[in-house]
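Text of target23.tsv, listed as TSV, C-alpha atoms:
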chain	number	residue	atom	x	y	z
Q	1	MET	CA	0.00	0.00	0.00
Q	2	ASN	CA	2.93	2.34	0.60
Q	3	VAL	CA	3.67	2.11	-3.11
Q	4	SER	CA	0.44	3.92	-3.98
Q	5	ILE	CA	1.19	6.76	-1.54
Q	6	LEU	CA	4.74	7.40	-2.68
Q	7	PRO	CA	4.06	8.79	-6.18
Q	8	ARG	CA	1.33	11.03	-4.82
Q	9	PHE	CA	3.67	12.32	-2.13
Q	10	LEU	CA	6.44	12.96	-4.64
Q	11	ALA	CA	4.03	14.82	-6.90
Q	12	CYS	CA	3.04	16.95	-3.92
Q	13	VAL	CA	6.66	17.75	-3.11
Q	14	ALA	CA	7.40	18.66	-6.73
Q	15	LEU	CA	4.36	20.93	-6.89
Q	16	LEU	CA	5.24	22.69	-3.64
Q	17	ALA	CA	8.84	23.13	-4.69
Q	18	SER	CA	7.86	24.61	-8.04
Q	19	VAL	CA	5.40	27.02	-6.42
Q	20	LEU	CA	7.59	28.16	-3.53
Q	21	SER	CA	11.14	28.16	-4.84
Q	22	PRO	CA	10.79	31.19	-7.17
Q	23	GLN	CA	9.67	33.31	-4.20
Q	24	VAL	CA	12.60	32.09	-2.12
Q	25	ALA	CA	14.98	32.80	-5.00
Q	26	VAL	CA	13.60	36.32	-5.46
Q	27	ALA	CA	13.83	37.01	-1.74
Q	28	GLN	CA	17.49	36.06	-1.72
Q	29	ALA	CA	18.59	37.66	-4.99
Q	30	ASN	CA	16.93	41.06	-5.28
Q	31	LEU	CA	14.19	43.22	-3.90
Q	32	GLU	CA	11.69	44.60	-6.38
Q	33	ILE	CA	12.26	48.36	-6.57
Q	34	ASN	CA	11.13	49.02	-10.12
Q	35	THR	CA	7.43	49.78	-9.75
Q	36	PRO	CA	5.62	52.95	-10.89
Q	37	ALA	CA	4.94	53.97	-7.28
Q	38	ILE	CA	8.56	53.53	-6.17
Q	39	ASN	CA	9.91	55.29	-9.27
Q	40	ALA	CA	7.57	58.24	-8.73
Q	41	ILE	CA	8.73	58.67	-5.12
Q	42	LYS	CA	12.37	58.27	-6.12
Q	43	ASN	CA	12.09	60.89	-8.86
Q	44	ALA	CA	10.40	63.35	-6.51
Q	45	MET	CA	13.18	62.85	-3.95
Q	46	ALA	CA	15.89	63.25	-6.60
Q	47	ALA	CA	14.30	66.50	-7.82
Q	48	ARG	CA	14.06	67.81	-4.25
Q	49	HIS	CA	17.61	66.82	-3.38
Q	50	SER	CA	19.21	69.73	-5.26
Q	51	GLN	CA	17.28	72.11	-2.94
Q	52	LEU	CA	17.89	70.08	0.21
Q	53	GLU	CA	21.57	69.38	-0.42
Q	54	PRO	CA	22.92	72.84	0.67
Q	55	PHE	CA	21.14	72.45	4.02
Q	56	LEU	CA	22.59	68.96	4.51
Q	57	ALA	CA	26.04	70.27	3.63
Q	58	SER	CA	25.77	73.21	6.06
Q	59	GLY	CA	24.62	70.90	8.86
Q	60	ALA	CA	21.28	72.65	9.26
Q	61	VAL	CA	19.61	69.38	8.27
Q	62	GLY	CA	20.84	65.96	9.38
Q	63	LEU	CA	20.11	62.30	8.67
Q	64	THR	CA	18.21	60.61	11.47
Q	65	ARG	CA	18.75	57.09	12.75
Q	66	ASP	CA	15.28	56.10	11.55
Q	67	GLY	CA	15.89	56.88	7.89
Q	68	MET	CA	14.44	60.39	7.85
Q	69	VAL	CA	15.85	63.93	7.71
Q	70	ALA	CA	15.48	66.50	10.48
Q	71	LEU	CA	16.19	70.18	11.01
Q	72	ARG	CA	18.93	69.95	13.63
Q	73	ASP	CA	20.22	73.54	13.64
Q	74	ALA	CA	17.69	76.20	12.68
Q	75	ASN	CA	20.29	78.91	13.42
Q	76	ALA	CA	22.31	77.69	10.44
Q	77	VAL	CA	19.44	78.68	8.16
Q	78	PRO	CA	18.93	82.35	7.19
Q	79	LEU	CA	15.57	83.63	8.44
Q	80	ASN	CA	14.10	84.00	4.98
Q	81	GLN	CA	14.83	80.34	4.16
Q	82	ARG	CA	13.43	78.73	7.30
Q	83	ALA	CA	9.96	78.14	5.92
Q	84	THR	CA	11.55	76.64	2.81
Q	85	VAL	CA	13.75	74.24	4.73
Q	86	ASN	CA	10.91	73.17	7.00
Q	87	SER	CA	8.73	72.39	4.03
Q	88	LEU	CA	11.55	70.54	2.24
Q	89	VAL	CA	12.19	68.38	5.31
Q	90	ALA	CA	8.48	67.62	5.75
Q	91	GLN	CA	8.03	66.71	2.09
Q	92	ASP	CA	11.13	64.57	2.04
Q	93	ASN	CA	10.06	62.69	5.16
Q	94	GLN	CA	6.67	62.02	3.61
Q	95	ASP	CA	8.38	60.54	0.56
Q	96	ARG	CA	10.85	58.55	2.66
Q	97	ALA	CA	8.06	56.94	4.70
Q	98	ALA	CA	6.14	56.18	1.49
Q	99	LEU	CA	9.27	54.75	-0.12
Q	100	TYR	CA	9.92	52.26	2.69
Q	101	ARG	CA	6.26	51.28	2.78
Q	102	GLU	CA	6.06	50.83	-1.00
Q	103	ILE	CA	9.20	48.69	-1.22
Q	104	ALA	CA	7.83	46.38	1.48
Q	105	ARG	CA	4.47	46.20	-0.29
Q	106	ALA	CA	5.95	45.70	-3.77
Q	107	ASN	CA	7.75	42.64	-2.42
Q	108	GLY	CA	4.63	41.18	-0.85
Q	109	HIS	CA	5.85	41.71	2.73
Q	110	PRO	CA	4.34	44.84	4.30
Q	111	GLU	CA	5.81	43.64	7.60
Q	112	TRP	CA	9.32	44.28	6.22
Q	113	GLU	CA	8.74	48.05	6.30
Q	114	ALA	CA	10.66	48.57	9.56
Q	115	ASP	CA	13.57	46.41	8.36
Q	116	ILE	CA	13.71	48.31	5.08
Q	117	ARG	CA	13.63	51.61	6.94
Q	118	ASN	CA	16.53	50.45	9.16
Q	119	THR	CA	18.53	49.30	6.17
Q	120	PHE	CA	18.01	52.65	4.44
Q	121	ALA	CA	18.85	54.55	7.64
Q	122	GLN	CA	22.23	52.80	7.79
Q	123	ARG	CA	22.93	53.22	4.08
Q	124	TRP	CA	21.98	56.94	3.91
Q	125	ILE	CA	24.40	57.59	6.78
Q	126	GLU	CA	27.11	55.30	5.43
Q	127	ARG	CA	26.95	56.93	2.00
Q	128	ALA	CA	26.73	60.54	3.20
Q	129	PRO	CA	29.70	62.73	2.24
Q	130	PRO	CA	32.05	64.17	4.88
Q	131	GLY	CA	30.67	67.20	6.68
Q	132	TRP	CA	27.06	65.98	6.81
Q	133	TRP	CA	25.45	65.36	10.18
Q	134	TYR	CA	23.76	62.15	11.27
Q	135	GLN	CA	22.17	60.64	14.37
Q	136	ASP	CA	24.06	57.80	16.04
Q	137	ALA	CA	22.36	54.79	17.64
Q	138	GLY	CA	21.84	56.73	20.87
Q	139	GLY	CA	20.16	59.64	19.10
Q	140	GLY	CA	23.07	62.09	19.39
Q	141	TRP	CA	24.17	64.18	16.41
Q	142	LYS	CA	27.57	63.50	14.87
Q	143	LYS	CA	29.44	65.00	11.95
Q	144	LYS	CA	30.85	62.75	9.26
M	1	MET	CA	-3.84	-0.31	9.02
M	2	PRO	CA	-0.54	0.19	7.19
M	3	ARG	CA	-2.27	2.27	4.47
M	4	GLY	CA	-3.80	4.67	7.00
M	5	ILE	CA	-0.44	5.16	8.69
M	6	ALA	CA	1.33	5.76	5.38
M	7	ARG	CA	-1.23	8.34	4.35
M	8	TRP	CA	-0.95	10.06	7.72
M	9	ALA	CA	2.85	10.09	7.44
M	10	GLY	CA	2.63	11.53	3.96
M	11	GLY	CA	0.30	14.27	5.14
M	12	ALA	CA	2.55	15.10	8.07
M	13	ALA	CA	5.60	15.27	5.81
M	14	ALA	CA	3.79	17.64	3.47
M	15	VAL	CA	2.80	19.93	6.35
M	16	VAL	CA	6.39	20.01	7.65
M	17	LEU	CA	7.64	20.82	4.15
M	18	VAL	CA	5.20	23.69	3.67
M	19	CYS	CA	6.06	25.16	7.08
M	20	GLY	CA	9.76	24.88	6.23
M	21	CYS	CA	9.36	26.72	2.95
M	22	VAL	CA	7.22	29.48	4.48
M	23	THR	CA	9.78	29.95	7.25
M	24	ILE	CA	12.58	30.42	4.74
M	25	ASN	CA	10.49	32.89	2.81
M	26	ILE	CA	9.68	35.26	5.69
M	27	TYR	CA	13.31	35.96	6.59
M	28	PHE	CA	14.15	39.55	5.74
M	29	PRO	CA	16.68	39.53	2.87
M	30	ALA	CA	19.15	41.97	4.43
M	31	ALA	CA	21.79	41.80	1.68
M	32	ALA	CA	19.21	42.33	-1.06
M	33	ALA	CA	17.74	45.25	0.88
M	34	GLU	CA	21.17	46.90	1.14
M	35	LYS	CA	21.68	46.52	-2.57
M	36	ALA	CA	18.26	48.00	-3.27
M	37	ALA	CA	18.89	50.87	-0.85
M	38	ASP	CA	22.25	51.69	-2.47
M	39	LYS	CA	20.68	51.72	-5.92
M	40	ILE	CA	17.95	54.13	-4.83
M	41	ILE	CA	20.41	56.32	-2.90
M	42	ASP	CA	22.60	56.56	-6.02
M	43	GLU	CA	19.64	57.80	-8.01
M	44	VAL	CA	18.29	60.20	-5.38
M	45	TRP	CA	21.68	61.73	-4.50
M	46	ARG	CA	23.02	61.34	-8.07
M	47	THR	CA	26.18	59.79	-6.61
M	48	ASP	CA	26.47	57.67	-9.75
M	49	ARG	CA	27.29	60.82	-11.75
M	50	PRO	CA	30.75	62.40	-11.80
M	51	PRO	CA	30.86	65.32	-9.34
M	52	SER	CA	32.03	67.75	-12.02
M	53	ALA	CA	28.78	67.29	-13.95
M	54	ALA	CA	26.63	67.99	-10.90
M	55	ARG	CA	28.50	71.11	-9.75
M	56	PRO	CA	27.26	73.74	-12.21
M	57	ALA	CA	23.64	72.86	-11.45
M	58	ASP	CA	24.31	73.05	-7.71
M	59	LYS	CA	25.91	76.45	-7.95
M	60	ALA	CA	23.20	78.06	-10.07
M	61	PRO	CA	20.51	78.57	-7.40
M	62	ALA	CA	23.10	79.61	-4.80
M	63	ALA	CA	24.14	82.66	-6.85
M	64	PRO	CA	21.12	84.61	-8.05
M	65	ALA	CA	23.32	87.14	-9.87
M	66	VAL	CA	20.43	88.81	-11.70
M	67	PRO	CA	19.28	91.76	-9.59
M	68	ASP	CA	15.59	92.43	-9.26
M	69	THR	CA	15.22	95.52	-11.45
M	70	LYS	CA	11.65	96.62	-11.36
M	71	PRO	CA	10.83	100.10	-12.52

Target format structure tokens, applied to this file:
Amino acid sequence: MNVSILPRFLACVALLASVLSPQVAVAQANLEINTPAINAIKNAMAARHSQLEPFLASGAVGLTRDGMVALRDANAVPLNQRATVNSLVAQDNQDRAALYREIARANGHPEWEADIRNTFAQRWIERAPPGWWYQDAGGGWKKK
Amino acid sequence: MPRGIARWAGGAAAVVLVCGCVTINIYFPAAAAEKAADKIIDEVWRTDRPPSAARPADKAPAAPAVPDTKP
């Protein structure tokens, strides 16, 4: 009787393997980041970066440990530019939150959002040029 | 009842297999996420371009040389 069970079991295993292995392979090789939603957010952030970059370079704005940007020294911003910088920071943070959420969703794992945010937080800081400010693990500001 | 036992064993094996696969799949792919993050950071910060090409565009808004000459 075992003989009749074995082929059925093997067929089951083959089916499961064929269904599940592509997902495992994708999870290990690459994350999907080429969706219309992600590209739109990315392009908006790239366009904004030319305006935000002087404030990052002057240290008025810093990179936070949770993958956002924050106004860390308002005194470094001339009075007539403070509204601008506040709005740039707010808009960028909206896009950053949406970016992390969208990447998690595009890969079928909304629960990865926090992990993606942490990964980005580390990479933004790691890749920042010298002179930019960032938040260390304890929340203190440091200059690269 | 050897047939019943064999069927039960087969079912149990299938359940274990499915659980195993699902467990593998929910691990966060940290290396892939770093790669994805770097690619997006390159595009947002334009770090993939040579610095010399980015400079003129950066300088332009910083020096509004044209004075506001209204009558």

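Atom pair atom CA of Q:Asp95 / atom CA of Q:Thr64 has a distance of 14.7 Å (rounded to one decimal).
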
Find the residues with any atom within 12 Å of (27.4, 56.4, 5.1); use all atoms listed in the file and the coordinates as given in the file, and write the answer as a PDB file with C-alpha atoms, keeping the file's coordinate frame.
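Contents of part_22.pdb, freshly written:
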ATOM      1  CA  LEU Q  63      20.110  62.300   8.670  1.00  0.00           C
ATOM      2  CA  THR Q  64      18.210  60.610  11.470  1.00  0.00           C
ATOM      3  CA  ARG Q  65      18.750  57.090  12.750  1.00  0.00           C
ATOM      4  CA  GLY Q  67      15.890  56.880   7.890  1.00  0.00           C
ATOM      5  CA  THR Q 119      18.530  49.300   6.170  1.00  0.00           C
ATOM      6  CA  PHE Q 120      18.010  52.650   4.440  1.00  0.00           C
ATOM      7  CA  ALA Q 121      18.850  54.550   7.640  1.00  0.00           C
ATOM      8  CA  GLN Q 122      22.230  52.800   7.790  1.00  0.00           C
ATOM      9  CA  ARG Q 123      22.930  53.220   4.080  1.00  0.00           C
ATOM     10  CA  TRP Q 124      21.980  56.940   3.910  1.00  0.00           C
ATOM     11  CA  ILE Q 125      24.400  57.590   6.780  1.00  0.00           C
ATOM     12  CA  GLU Q 126      27.110  55.300   5.430  1.00  0.00           C
ATOM     13  CA  ARG Q 127      26.950  56.930   2.000  1.00  0.00           C
ATOM     14  CA  ALA Q 128      26.730  60.540   3.200  1.00  0.00           C
ATOM     15  CA  PRO Q 129      29.700  62.730   2.240  1.00  0.00           C
ATOM     16  CA  PRO Q 130      32.050  64.170   4.880  1.00  0.00           C
ATOM     17  CA  GLY Q 131      30.670  67.200   6.680  1.00  0.00           C
ATOM     18  CA  TRP Q 132      27.060  65.980   6.810  1.00  0.00           C
ATOM     19  CA  TRP Q 133      25.450  65.360  10.180  1.00  0.00           C
ATOM     20  CA  TYR Q 134      23.760  62.150  11.270  1.00  0.00           C
ATOM     21  CA  GLN Q 135      22.170  60.640  14.370  1.00  0.00           C
ATOM     22  CA  ASP Q 136      24.060  57.800  16.040  1.00  0.00           C
ATOM     23  CA  LYS Q 143      29.440  65.000  11.950  1.00  0.00           C
ATOM     24  CA  LYS Q 144      30.850  62.750   9.260  1.00  0.00           C
TER      25      LYS Q 144
ATOM     26  CA  ALA M  37      18.890  50.870  -0.850  1.00  0.00           C
ATOM     27  CA  ASP M  38      22.250  51.690  -2.470  1.00  0.00           C
ATOM     28  CA  ILE M  41      20.410  56.320  -2.900  1.00  0.00           C
TER      29      ILE M  41
END

Next on the checklist: Which residues are near Q:Asp115? Cut-off 10 Å, all atoms listed in the file, ignore same chain within fewer than 4 positions. Put them as a PyMOL selection string.
Outcome noted: (chain Q and resi 100+104+111+119-121) or (chain M and resi 28-30+33)

Using only the atoms of stretch 24-39 of chain M listed in the file, plus 6 Å on each side, state the axis-aligned box centre and edge lengths in Å rounded to one decimal, as JSON.
{"center_x": 16.0, "center_y": 41.1, "center_z": 0.3, "size_x": 24.6, "size_y": 33.3, "size_z": 24.5}

Item to check | Length of the atom CA of M:Ile26 to atom CA of M:Arg7 vector [Å] | outcome: 29.1 Å

Next on the checklist: So that I can see what lies close to Q:Ala60, please list as a ChimeraX atom specification the residues with an atom at most 9 Å from it, counting all atoms listed in the file and leaving out residues fewer than 3 positions away in the same chain.
Outcome noted: /Q:54-57,70-77,85,133

Next on the checklist: Just the number, please: distance in Å from atom CA of Q:Gln81 to atom CA of Q:Val69, one decimal.
Outcome noted: 16.8 Å

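Proximity ranking of Q:Ala40, Q:Asp66, Q:Asn86, Q:Ser50 relative to chain M places Q:Ser50 first, based on all atoms listed in the file.
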
Next on the checklist: So that I can see what lies close to Q:Glu102, please list as number ranges by chain the residues with an atom at most 8 Å from it, counting all atoms listed in the file and leaving out residues fewer than 3 positions away in the same chain.
Outcome noted: Q: 37-38, 98-99, 105-106

Can I get the selected residues back with C-alpha atoms, as a tab-separated table (two decimals), in the frame of the given file?
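Below is the file part.tsv, written as the result:
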chain	number	residue	atom	x	y	z
Q	37	ALA	CA	4.94	53.97	-7.28
Q	38	ILE	CA	8.56	53.53	-6.17
Q	98	ALA	CA	6.14	56.18	1.49
Q	99	LEU	CA	9.27	54.75	-0.12
Q	105	ARG	CA	4.47	46.20	-0.29
Q	106	ALA	CA	5.95	45.70	-3.77

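Among the candidate residues Q:Ala44, Q:Gly59, Q:Asn34, Q:Asn118, the one lying nearest to Q:Gln91 is Q:Ala44, with distances computed using only C-alpha atoms.
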